[in-house]
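All remarks here apply to the structure that follows.
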Amino acid sequence: MVPAIALSIGGSDSGGGAGIQADLKTFLALQVHGCSAITCVTAQNTCGVSRVDALPPEALSAQIEAVLTDLPVAALKTGMLLNRSLIEATARALEPLTIPRLIDPVMVSRAGSVLLEPEAIEAYRQRLLPLADLITPNIHEARLLSGEVVEEVSDVERAAERLLMMGPQAVLIKGGGLPGLRGRDYLLQSSGSGQWLHHALVATAHSHGSGCTLGAAITAERAKGLPLVDAVRAAKTFVENGLRTGLAIGAGQGPLCHWHPLL
């Protein structure tokens, strides 16, 4: 077999629900060989994050180089980058690449917890957004990056336009952070008009890692050659089905089920 190959650049979740672990599970479920470059290590479970340790940027660069010099990666995504040094190291690695590059600007969790250092926001704007084929911010991240107030449908559309002006080829703002927009995401491409994408609202407490999983599923479908809009739609369906079979594990918010295609 010669499978499609995808690379995830992001943080490790010791609880296995999000981050690198969620990405690799998603790649496997979608029959893509997953590679990884770890940026930081979190002490994390279903109840939250208790510690984050960043790797040196040199260690991150070495991981990415080891993968790219040997394996024909067809698409990649970034997740938690934490600080300016890691963002800049990632940008240097991505600059010469022509494959699909999904940037998930992991800055604030859907619940509002800050997941990066303050000075890293401008590094995202300057170094990574212009390299992205697609960025996938949640509502909180869209606010931080765009500087716009985002509270309703028209605000989401305006924020997407502002973000598109920063250089990415497409923007997907995930609406789950607003009660009225759950199940709805807004996709705006530089080559066309914006569109709202819908999926069924799944009532579950076990949705940890859904943002990482969406980005990983898009990346996997892009690695297999699917056009962007088709990849986003397929990824949304994958996440919806994962939420329907969410895992009631631990004392807090469990993850969605990544192996639902096998059930």
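In the structure tokens, chains take letters A, B, ... by order of appearance, with residues numbered from 1 within each chain and ligands from 1 in the order shown.
Every protein, DNA or RNA residue with an atom at most 8 Å from region 204-209 of chain A, where only C-alpha atoms count and chain neighbours fewer than 4 positions away do not, is listed here: Gly17, Ala18, Gly19, Ala22, Thr46, Thr213, Leu243, Arg244, Gly246, Leu247, Ala248, Gln253, Gly254, Pro255 and Leu256 of chain A.
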Pro56 (chain A) environment, 12 Å, only C-alpha atoms, sequence neighbours closer than 2 positions dropped, as an mmCIF file with all heavy atoms, in the first residue's frame:
```
data_model
loop_
_atom_site.group_PDB
_atom_site.id
_atom_site.type_symbol
_atom_site.label_atom_id
_atom_site.label_comp_id
_atom_site.auth_asym_id
_atom_site.auth_seq_id
_atom_site.Cartn_x
_atom_site.Cartn_y
_atom_site.Cartn_z
ATOM 1 N N ILE A 38 5.782 17.553 17.529
ATOM 2 C CA ILE A 38 5.213 18.024 18.788
ATOM 3 C C ILE A 38 5.832 19.358 19.189
ATOM 4 O O ILE A 38 7.059 19.509 19.213
ATOM 5 C CB ILE A 38 5.399 16.971 19.888
ATOM 6 C CG1 ILE A 38 4.618 15.697 19.518
ATOM 7 C CG2 ILE A 38 4.934 17.496 21.245
ATOM 8 C CD1 ILE A 38 4.813 14.551 20.481
ATOM 9 N N THR A 39 4.966 20.318 19.508
ATOM 10 C CA THR A 39 5.405 21.655 19.895
ATOM 11 C C THR A 39 5.495 21.828 21.401
ATOM 12 O O THR A 39 6.341 22.569 21.895
ATOM 13 C CB THR A 39 4.425 22.711 19.354
ATOM 14 O OG1 THR A 39 3.120 22.456 19.921
ATOM 15 C CG2 THR A 39 4.329 22.644 17.843
ATOM 16 N N CYS A 40 4.586 21.195 22.114
ATOM 17 C CA CYS A 40 4.572 21.304 23.568
ATOM 18 C C CYS A 40 3.863 20.085 24.143
ATOM 19 O O CYS A 40 3.131 19.381 23.446
ATOM 20 C CB CYS A 40 3.893 22.595 24.030
ATOM 21 S SG CYS A 40 2.306 22.926 23.260
ATOM 22 N N VAL A 41 4.092 19.868 25.419
ATOM 23 C CA VAL A 41 3.504 18.731 26.120
ATOM 24 C C VAL A 41 2.583 19.274 27.208
ATOM 25 O O VAL A 41 3.006 20.106 28.025
ATOM 26 C CB VAL A 41 4.593 17.834 26.747
ATOM 27 C CG1 VAL A 41 3.964 16.708 27.562
ATOM 28 C CG2 VAL A 41 5.503 17.272 25.665
ATOM 29 N N ASP A 53 4.322 22.513 28.869
ATOM 30 C CA ASP A 53 5.766 22.694 28.691
ATOM 31 C C ASP A 53 6.075 22.756 27.204
ATOM 32 O O ASP A 53 5.803 21.800 26.466
ATOM 33 C CB ASP A 53 6.534 21.533 29.329
ATOM 34 C CG ASP A 53 6.427 21.534 30.846
ATOM 35 O OD1 ASP A 53 7.071 22.387 31.477
ATOM 36 O OD2 ASP A 53 5.691 20.681 31.398
ATOM 37 N N ALA A 54 6.640 23.876 26.777
ATOM 38 C CA ALA A 54 6.998 24.043 25.369
ATOM 39 C C ALA A 54 8.329 23.373 25.069
ATOM 40 O O ALA A 54 9.258 23.410 25.880
ATOM 41 C CB ALA A 54 7.066 25.523 25.031
ATOM 42 N N GLU A 58 14.197 24.501 18.184
ATOM 43 C CA GLU A 58 15.113 23.650 17.423
ATOM 44 C C GLU A 58 14.621 22.206 17.378
ATOM 45 O O GLU A 58 14.792 21.502 16.371
ATOM 46 C CB GLU A 58 16.520 23.693 18.041
ATOM 47 C CG GLU A 58 17.193 25.042 17.990
ATOM 48 C CD GLU A 58 16.751 25.989 19.101
ATOM 49 O OE1 GLU A 58 15.982 25.544 19.997
ATOM 50 O OE2 GLU A 58 17.163 27.164 19.072
ATOM 51 N N ALA A 59 14.012 21.757 18.470
ATOM 52 C CA ALA A 59 13.471 20.398 18.503
ATOM 53 C C ALA A 59 12.292 20.267 17.553
ATOM 54 O O ALA A 59 12.126 19.239 16.875
ATOM 55 C CB ALA A 59 13.047 20.039 19.928
ATOM 56 N N LEU A 60 11.463 21.307 17.487
ATOM 57 C CA LEU A 60 10.340 21.286 16.555
ATOM 58 C C LEU A 60 10.832 21.263 15.117
ATOM 59 O O LEU A 60 10.361 20.460 14.296
ATOM 60 C CB LEU A 60 9.446 22.505 16.784
ATOM 61 C CG LEU A 60 8.312 22.701 15.775
ATOM 62 C CD1 LEU A 60 7.362 21.512 15.769
ATOM 63 C CD2 LEU A 60 7.559 23.991 16.066
ATOM 64 N N SER A 61 11.789 22.121 14.799
ATOM 65 C CA SER A 61 12.318 22.179 13.435
ATOM 66 C C SER A 61 12.911 20.841 13.019
ATOM 67 O O SER A 61 12.742 20.403 11.875
ATOM 68 C CB SER A 61 13.384 23.282 13.329
ATOM 69 O OG SER A 61 12.828 24.555 13.612
ATOM 70 N N ALA A 62 13.610 20.189 13.940
ATOM 71 C CA ALA A 62 14.229 18.900 13.626
ATOM 72 C C ALA A 62 13.171 17.836 13.325
ATOM 73 O O ALA A 62 13.349 17.007 12.414
ATOM 74 C CB ALA A 62 15.108 18.449 14.793
ATOM 75 N N GLN A 63 12.062 17.842 14.067
ATOM 76 C CA GLN A 63 10.991 16.875 13.807
ATOM 77 C C GLN A 63 10.379 17.087 12.422
ATOM 78 O O GLN A 63 10.167 16.129 11.663
ATOM 79 C CB GLN A 63 9.890 17.024 14.860
ATOM 80 C CG GLN A 63 10.270 16.627 16.261
ATOM 81 C CD GLN A 63 9.134 16.941 17.220
ATOM 82 O OE1 GLN A 63 8.143 16.209 17.286
ATOM 83 N NE2 GLN A 63 9.259 18.032 17.962
ATOM 84 N N LEU A 81 0.635 26.118 19.169
ATOM 85 C CA LEU A 81 2.012 26.554 18.970
ATOM 86 C C LEU A 81 2.555 27.351 20.146
ATOM 87 O O LEU A 81 3.768 27.506 20.274
ATOM 88 C CB LEU A 81 2.124 27.369 17.676
ATOM 89 C CG LEU A 81 1.758 26.610 16.394
ATOM 90 C CD1 LEU A 81 1.903 27.509 15.174
ATOM 91 C CD2 LEU A 81 2.604 25.354 16.234
ATOM 92 N N LEU A 82 1.705 27.876 20.981
ATOM 93 C CA LEU A 82 1.989 28.437 22.298
ATOM 94 C C LEU A 82 2.735 29.767 22.301
ATOM 95 O O LEU A 82 2.297 30.710 22.947
ATOM 96 C CB LEU A 82 2.749 27.435 23.176
ATOM 97 C CG LEU A 82 2.880 27.830 24.645
ATOM 98 C CD1 LEU A 82 1.518 27.873 25.320
ATOM 99 C CD2 LEU A 82 3.817 26.901 25.394
ATOM 100 N N ASN A 83 3.899 29.876 21.602
ATOM 101 C CA ASN A 83 4.686 31.102 21.727
ATOM 102 C C ASN A 83 5.285 31.529 20.387
ATOM 103 O O ASN A 83 5.226 30.807 19.394
ATOM 104 C CB ASN A 83 5.781 30.937 22.793
ATOM 105 C CG ASN A 83 6.748 29.811 22.474
ATOM 106 O OD1 ASN A 83 7.162 29.633 21.341
ATOM 107 N ND2 ASN A 83 7.125 29.046 23.499
ATOM 108 N N ARG A 84 5.853 32.730 20.390
ATOM 109 C CA ARG A 84 6.393 33.310 19.157
ATOM 110 C C ARG A 84 7.486 32.447 18.544
ATOM 111 O O ARG A 84 7.535 32.263 17.321
ATOM 112 C CB ARG A 84 6.921 34.716 19.437
ATOM 113 C CG ARG A 84 7.582 35.372 18.234
ATOM 114 C CD ARG A 84 8.090 36.758 18.554
ATOM 115 N NE ARG A 84 7.002 37.712 18.680
ATOM 116 C CZ ARG A 84 6.481 38.383 17.658
ATOM 117 N NH1 ARG A 84 6.942 38.187 16.424
ATOM 118 N NH2 ARG A 84 5.514 39.231 17.846
ATOM 119 N N SER A 85 8.380 31.905 19.361
ATOM 120 C CA SER A 85 9.497 31.112 18.835
ATOM 121 C C SER A 85 9.004 29.883 18.080
ATOM 122 O O SER A 85 9.524 29.552 17.003
ATOM 123 C CB SER A 85 10.428 30.683 19.977
ATOM 124 O OG SER A 85 11.032 31.799 20.580
ATOM 125 N N LEU A 86 7.986 29.214 18.618
ATOM 126 C CA LEU A 86 7.446 28.036 17.945
ATOM 127 C C LEU A 86 6.689 28.420 16.675
ATOM 128 O O LEU A 86 6.738 27.708 15.664
ATOM 129 C CB LEU A 86 6.541 27.257 18.893
ATOM 130 C CG LEU A 86 7.253 26.565 20.063
ATOM 131 C CD1 LEU A 86 6.243 26.032 21.067
ATOM 132 C CD2 LEU A 86 8.157 25.439 19.564
ATOM 133 N N ILE A 87 5.991 29.542 16.708
ATOM 134 C CA ILE A 87 5.293 30.025 15.513
ATOM 135 C C ILE A 87 6.294 30.348 14.413
ATOM 136 O O ILE A 87 6.108 29.972 13.243
ATOM 137 C CB ILE A 87 4.437 31.256 15.853
ATOM 138 C CG1 ILE A 87 3.264 30.856 16.739
ATOM 139 C CG2 ILE A 87 3.931 31.937 14.581
ATOM 140 C CD1 ILE A 87 2.498 32.027 17.322
ATOM 141 N N GLU A 88 7.374 31.027 14.766
ATOM 142 C CA GLU A 88 8.368 31.395 13.762
ATOM 143 C C GLU A 88 9.082 30.173 13.199
ATOM 144 O O GLU A 88 9.346 30.096 11.993
ATOM 145 C CB GLU A 88 9.363 32.381 14.370
ATOM 146 C CG GLU A 88 8.737 33.742 14.661
ATOM 147 C CD GLU A 88 9.690 34.719 15.312
ATOM 148 O OE1 GLU A 88 10.746 34.269 15.823
ATOM 149 O OE2 GLU A 88 9.380 35.929 15.319
ATOM 150 N N ALA A 89 9.369 29.189 14.047
ATOM 151 C CA ALA A 89 9.994 27.953 13.556
ATOM 152 C C ALA A 89 9.064 27.227 12.601
ATOM 153 O O ALA A 89 9.486 26.695 11.560
ATOM 154 C CB ALA A 89 10.363 27.052 14.732
ATOM 155 N N THR A 90 7.773 27.202 12.920
ATOM 156 C CA THR A 90 6.788 26.567 12.042
ATOM 157 C C THR A 90 6.690 27.302 10.716
ATOM 158 O O THR A 90 6.657 26.683 9.645
ATOM 159 C CB THR A 90 5.414 26.533 12.731
ATOM 160 O OG1 THR A 90 5.523 25.803 13.954
ATOM 161 C CG2 THR A 90 4.376 25.871 11.847
#
```
Next item on the list: DSSP on the backbone, then: every residue of region 176-217 of chain A marked strand (DSSP E), written as JSON, numbers by chain.
Entry: {"A": [184, 185, 186, 187, 188, 189, 195, 196, 197, 198]}
Requested write-out: all heavy atoms of the selected residues, as a short mmCIF file (atom, residue, chain, number, x, y, z; two decimals), in the first residue's frame:
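Output below, filename again01.cif:
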```
data_model
loop_
_atom_site.label_atom_id
_atom_site.label_comp_id
_atom_site.auth_asym_id
_atom_site.auth_seq_id
_atom_site.Cartn_x
_atom_site.Cartn_y
_atom_site.Cartn_z
N ARG A 184 -23.17 25.53 12.98
CA ARG A 184 -23.02 26.36 11.78
C ARG A 184 -21.61 26.93 11.73
O ARG A 184 -21.09 27.46 12.71
CB ARG A 184 -24.03 27.51 11.79
CG ARG A 184 -25.47 27.07 11.89
CD ARG A 184 -26.41 28.26 12.03
NE ARG A 184 -26.37 29.12 10.85
CZ ARG A 184 -26.92 30.32 10.81
NH1 ARG A 184 -27.54 30.82 11.87
NH2 ARG A 184 -26.86 31.04 9.70
N ASP A 185 -20.97 26.81 10.58
CA ASP A 185 -19.63 27.36 10.35
C ASP A 185 -19.67 28.19 9.07
O ASP A 185 -20.40 27.87 8.13
CB ASP A 185 -18.60 26.24 10.20
CG ASP A 185 -18.56 25.31 11.41
OD1 ASP A 185 -18.66 25.82 12.54
OD2 ASP A 185 -18.44 24.08 11.21
N TYR A 186 -18.85 29.24 9.04
CA TYR A 186 -18.85 30.15 7.90
C TYR A 186 -17.55 30.01 7.12
O TYR A 186 -16.45 30.19 7.68
CB TYR A 186 -19.03 31.60 8.36
CG TYR A 186 -19.11 32.59 7.22
CD1 TYR A 186 -20.19 32.59 6.35
CD2 TYR A 186 -18.10 33.53 7.01
CE1 TYR A 186 -20.29 33.50 5.30
CE2 TYR A 186 -18.18 34.45 5.97
CZ TYR A 186 -19.28 34.43 5.12
OH TYR A 186 -19.36 35.33 4.08
N LEU A 187 -17.65 29.67 5.84
CA LEU A 187 -16.49 29.49 4.97
C LEU A 187 -16.44 30.61 3.95
O LEU A 187 -17.39 30.84 3.21
CB LEU A 187 -16.57 28.14 4.25
CG LEU A 187 -15.46 27.83 3.24
CD1 LEU A 187 -14.10 27.74 3.91
CD2 LEU A 187 -15.76 26.53 2.48
N LEU A 188 -15.30 31.30 3.91
CA LEU A 188 -15.08 32.38 2.95
C LEU A 188 -13.77 32.11 2.22
O LEU A 188 -12.73 31.95 2.85
CB LEU A 188 -15.03 33.73 3.65
CG LEU A 188 -14.76 34.95 2.77
CD1 LEU A 188 -15.89 35.16 1.77
CD2 LEU A 188 -14.53 36.20 3.62
N GLN A 189 -13.83 32.05 0.90
CA GLN A 189 -12.64 31.83 0.08
C GLN A 189 -12.28 33.09 -0.69
O GLN A 189 -13.16 33.86 -1.07
CB GLN A 189 -12.88 30.69 -0.92
CG GLN A 189 -13.21 29.35 -0.28
CD GLN A 189 -13.39 28.28 -1.33
OE1 GLN A 189 -12.43 27.71 -1.83
NE2 GLN A 189 -14.65 28.02 -1.68
N GLN A 195 -20.08 31.18 2.40
CA GLN A 195 -21.23 30.29 2.54
C GLN A 195 -21.28 29.73 3.96
O GLN A 195 -20.25 29.44 4.57
CB GLN A 195 -21.18 29.15 1.53
CG GLN A 195 -19.90 28.31 1.57
CD GLN A 195 -19.87 27.27 0.47
OE1 GLN A 195 -20.79 26.46 0.35
NE2 GLN A 195 -18.84 27.28 -0.34
N TRP A 196 -22.50 29.61 4.47
CA TRP A 196 -22.72 28.99 5.76
C TRP A 196 -22.91 27.49 5.57
O TRP A 196 -23.70 27.07 4.74
CB TRP A 196 -23.95 29.59 6.45
CG TRP A 196 -23.66 30.94 7.05
CD1 TRP A 196 -23.86 32.15 6.48
CD2 TRP A 196 -23.10 31.18 8.34
NE1 TRP A 196 -23.47 33.16 7.32
CE2 TRP A 196 -23.00 32.59 8.49
CE3 TRP A 196 -22.68 30.37 9.39
CZ2 TRP A 196 -22.49 33.18 9.64
CZ3 TRP A 196 -22.17 30.95 10.54
CH2 TRP A 196 -22.08 32.34 10.66
N LEU A 197 -22.16 26.71 6.33
CA LEU A 197 -22.24 25.26 6.27
C LEU A 197 -22.89 24.76 7.55
O LEU A 197 -22.53 25.19 8.66
CB LEU A 197 -20.84 24.65 6.11
CG LEU A 197 -20.03 25.17 4.91
CD1 LEU A 197 -18.63 24.57 4.94
CD2 LEU A 197 -20.73 24.84 3.61
N HIS A 198 -23.84 23.85 7.41
CA HIS A 198 -24.63 23.40 8.55
C HIS A 198 -24.44 21.90 8.80
O HIS A 198 -24.22 21.14 7.87
CB HIS A 198 -26.12 23.67 8.30
CG HIS A 198 -26.45 25.09 8.01
ND1 HIS A 198 -26.98 25.94 8.94
CD2 HIS A 198 -26.29 25.83 6.89
CE1 HIS A 198 -27.16 27.14 8.41
NE2 HIS A 198 -26.75 27.09 7.16
#
```
Check: If you count only C-alpha atoms, which residues fall within 12 Å of region 113-127 of chain A, apart from same-chain ones fewer than 5 positions away, as a ChimeraX atom specification?
Finding: /A:11,39-40,42,48-54,78-95,103-108,132,135,137,140-147,162-168
Margin query: Ranking A:Leu102, A:Ile9, A:Leu30, A:Leu71 by minimum distance to Val239 (chain A) and counting only C-alpha atoms, which one comes first?
Written below: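 Looking at the shortest contact to Val239 (chain A), the residue is A:Leu30.
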Margin query: Using only C-alpha atoms, which protein or nucleic acid residues come within 10 Å of Leu214 (chain A)? Drop anything in the same chain fewer than 4 positions from it, and give the result as a list in words.
Written below: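 What passes the distance filter is Ala22, Asp23, Thr26, Asp104, Thr136, Lys174, Gly209, Ser210, Ile218, Thr219, Ala220, Val232, Arg233, Ala234, Ala235, Lys236, Thr237, Phe238, Val239 and Glu240 of chain A.
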Once you have the residues from the selection above, write them out as a compact mmCIF listing (two decimals), in the first residue's frame, restricted to all heavy atoms.
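The result, written out as part.txt:
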```
# COMPACT_ATOMS: atom_id res chain seq x y z
N ALA A 22 -5.63 13.44 18.96
CA ALA A 22 -6.87 13.49 18.18
C ALA A 22 -6.58 13.50 16.69
O ALA A 22 -7.28 12.85 15.90
CB ALA A 22 -7.69 14.73 18.58
N ASP A 23 -5.55 14.23 16.30
CA ASP A 23 -5.21 14.32 14.88
C ASP A 23 -4.81 12.96 14.32
O ASP A 23 -5.28 12.55 13.24
CB ASP A 23 -4.07 15.33 14.66
CG ASP A 23 -4.49 16.76 14.95
OD1 ASP A 23 -5.69 17.01 15.14
OD2 ASP A 23 -3.60 17.63 14.97
N THR A 26 -7.74 10.68 13.96
CA THR A 26 -8.56 11.08 12.82
C THR A 26 -7.93 10.64 11.51
O THR A 26 -8.61 10.10 10.62
CB THR A 26 -8.77 12.60 12.82
OG1 THR A 26 -9.38 13.00 14.06
CG2 THR A 26 -9.64 13.04 11.67
N ASP A 104 -4.76 25.98 12.21
CA ASP A 104 -5.76 26.08 13.26
C ASP A 104 -5.14 26.95 14.35
O ASP A 104 -4.29 26.48 15.11
CB ASP A 104 -6.11 24.69 13.79
CG ASP A 104 -7.26 24.71 14.80
OD1 ASP A 104 -7.84 25.81 15.00
OD2 ASP A 104 -7.57 23.66 15.37
N THR A 136 -8.78 28.01 10.56
CA THR A 136 -10.01 27.50 11.17
C THR A 136 -10.18 28.03 12.59
O THR A 136 -10.22 27.24 13.55
CB THR A 136 -10.02 25.96 11.17
OG1 THR A 136 -8.85 25.49 11.88
CG2 THR A 136 -10.02 25.41 9.75
N LYS A 174 -15.55 28.73 13.01
CA LYS A 174 -16.40 27.73 13.65
C LYS A 174 -17.36 28.42 14.61
O LYS A 174 -16.93 29.14 15.51
CB LYS A 174 -15.53 26.70 14.38
CG LYS A 174 -14.61 25.93 13.44
CD LYS A 174 -13.61 25.07 14.17
CE LYS A 174 -12.51 25.88 14.81
NZ LYS A 174 -11.38 25.05 15.31
N GLY A 209 -11.98 18.06 21.91
CA GLY A 209 -11.18 17.74 20.73
C GLY A 209 -11.90 17.90 19.41
O GLY A 209 -11.33 17.58 18.37
N SER A 210 -13.12 18.44 19.42
CA SER A 210 -13.87 18.53 18.16
C SER A 210 -13.23 19.50 17.18
O SER A 210 -13.24 19.26 15.97
CB SER A 210 -15.32 18.92 18.44
OG SER A 210 -15.40 20.14 19.16
N ILE A 218 -10.26 17.64 7.73
CA ILE A 218 -10.07 18.43 6.50
C ILE A 218 -8.71 18.13 5.90
O ILE A 218 -8.58 17.91 4.69
CB ILE A 218 -10.20 19.94 6.80
CG1 ILE A 218 -11.62 20.29 7.26
CG2 ILE A 218 -9.83 20.76 5.56
CD1 ILE A 218 -11.76 21.71 7.79
N THR A 219 -7.68 18.09 6.74
CA THR A 219 -6.32 17.83 6.27
C THR A 219 -6.21 16.45 5.63
O THR A 219 -5.57 16.28 4.59
CB THR A 219 -5.33 17.97 7.43
OG1 THR A 219 -5.44 19.28 8.00
CG2 THR A 219 -3.89 17.76 6.97
N ALA A 220 -6.82 15.46 6.25
CA ALA A 220 -6.78 14.10 5.70
C ALA A 220 -7.45 14.05 4.33
O ALA A 220 -6.92 13.43 3.39
CB ALA A 220 -7.46 13.14 6.66
N VAL A 232 -14.08 20.14 3.53
CA VAL A 232 -14.71 20.73 4.71
C VAL A 232 -16.04 20.05 5.00
O VAL A 232 -16.36 19.71 6.15
CB VAL A 232 -14.89 22.24 4.52
CG1 VAL A 232 -15.72 22.83 5.67
CG2 VAL A 232 -13.54 22.94 4.46
N ARG A 233 -16.84 19.82 3.98
CA ARG A 233 -18.14 19.16 4.18
C ARG A 233 -17.96 17.74 4.71
O ARG A 233 -18.67 17.31 5.63
CB ARG A 233 -18.92 19.14 2.86
CG ARG A 233 -19.39 20.51 2.40
CD ARG A 233 -20.30 20.39 1.18
NE ARG A 233 -20.71 21.69 0.67
CZ ARG A 233 -21.70 22.42 1.16
NH1 ARG A 233 -22.39 21.96 2.20
NH2 ARG A 233 -22.01 23.59 0.64
N ALA A 234 -17.02 17.01 4.15
CA ALA A 234 -16.78 15.64 4.61
C ALA A 234 -16.29 15.64 6.05
O ALA A 234 -16.68 14.79 6.86
CB ALA A 234 -15.76 14.95 3.70
N ALA A 235 -15.44 16.61 6.40
CA ALA A 235 -14.91 16.70 7.76
C ALA A 235 -16.01 17.03 8.76
O ALA A 235 -16.04 16.49 9.87
CB ALA A 235 -13.80 17.75 7.81
N LYS A 236 -16.93 17.91 8.38
CA LYS A 236 -18.03 18.24 9.27
C LYS A 236 -18.91 17.02 9.54
O LYS A 236 -19.38 16.81 10.67
CB LYS A 236 -18.86 19.39 8.68
CG LYS A 236 -18.20 20.76 8.83
CD LYS A 236 -19.00 21.86 8.15
CE LYS A 236 -20.36 22.06 8.78
NZ LYS A 236 -20.29 22.52 10.20
N THR A 237 -19.12 16.21 8.53
CA THR A 237 -19.89 14.98 8.72
C THR A 237 -19.16 14.02 9.65
O THR A 237 -19.77 13.39 10.53
CB THR A 237 -20.15 14.31 7.36
OG1 THR A 237 -20.93 15.18 6.54
CG2 THR A 237 -20.89 12.99 7.53
N PHE A 238 -17.84 13.93 9.49
CA PHE A 238 -17.05 13.06 10.36
C PHE A 238 -17.17 13.51 11.81
O PHE A 238 -17.36 12.68 12.72
CB PHE A 238 -15.58 13.08 9.92
CG PHE A 238 -14.68 12.19 10.73
CD1 PHE A 238 -14.55 10.85 10.43
CD2 PHE A 238 -13.97 12.71 11.81
CE1 PHE A 238 -13.72 10.03 11.20
CE2 PHE A 238 -13.15 11.90 12.59
CZ PHE A 238 -13.03 10.56 12.27
N VAL A 239 -17.06 14.81 12.06
CA VAL A 239 -17.16 15.32 13.42
C VAL A 239 -18.56 15.11 13.98
O VAL A 239 -18.73 14.71 15.15
CB VAL A 239 -16.78 16.81 13.47
CG1 VAL A 239 -17.10 17.41 14.84
CG2 VAL A 239 -15.30 16.99 13.16
N GLU A 240 -19.58 15.36 13.18
CA GLU A 240 -20.96 15.16 13.64
C GLU A 240 -21.17 13.73 14.11
O GLU A 240 -21.74 13.48 15.19
CB GLU A 240 -21.94 15.49 12.52
CG GLU A 240 -23.39 15.27 12.90
CD GLU A 240 -24.36 15.48 11.74
OE1 GLU A 240 -23.99 16.19 10.78
OE2 GLU A 240 -25.47 14.92 11.80
```
Checklist line | Counting only C-alpha atoms, the residue of A:Ser36, A:Thr98, A:Asn138, A:Asn45 that sits nearest Ile173 (chain A) | finding: A:Asn138
Notebook entry, point to check: So how many Å separate CA of Ala37 (chain A) and CA of Val2 (chain A), to one decimal?
Noted result: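 Computing it gives 21.4 Å between the two atoms.
Taking CA of Ser14 (chain A) and CA of Cys47 (chain A) as the two end points, the separation is 11.9 Å.
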Checklist line | Interatomic distance, CA of Val32 (chain A) to CA of Leu129 (chain A) (Å, one decimal) | finding: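 Here the two named atoms are 25.3 Å from each other.
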Check: Pick the closest to Gln31 (chain A) from A:Ala43, A:Ala4, A:Ala170, A:Val67: which is it, counting only C-alpha atoms?
Finding: A:Ala4
Item checked: Residues flagged helix (DSSP H, G or I) by DSSP in region 44-251 of chain A, as a ChimeraX atom specification -> /A:57-68,84-94,120-131,139-146,153-164,175-177,179-181,210-223,228-244
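Using only C-alpha atoms, the shortest contact distance between Ile20 (chain A) and any of A:Ala216, A:Leu226, A:Cys257, A:Val73 is found at A:Ala216.
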Next item on the list: Tell me, as a list in words, which residues lie within 8 Å of Ile139 (chain A), counting only C-alpha atoms; anything in the same chain fewer than 4 positions away does not count.
Entry: Arg110, Arg143, Val150, Val156, Ile173, Lys174, Gly175, Gly176, Gly177 and Leu178 of chain A
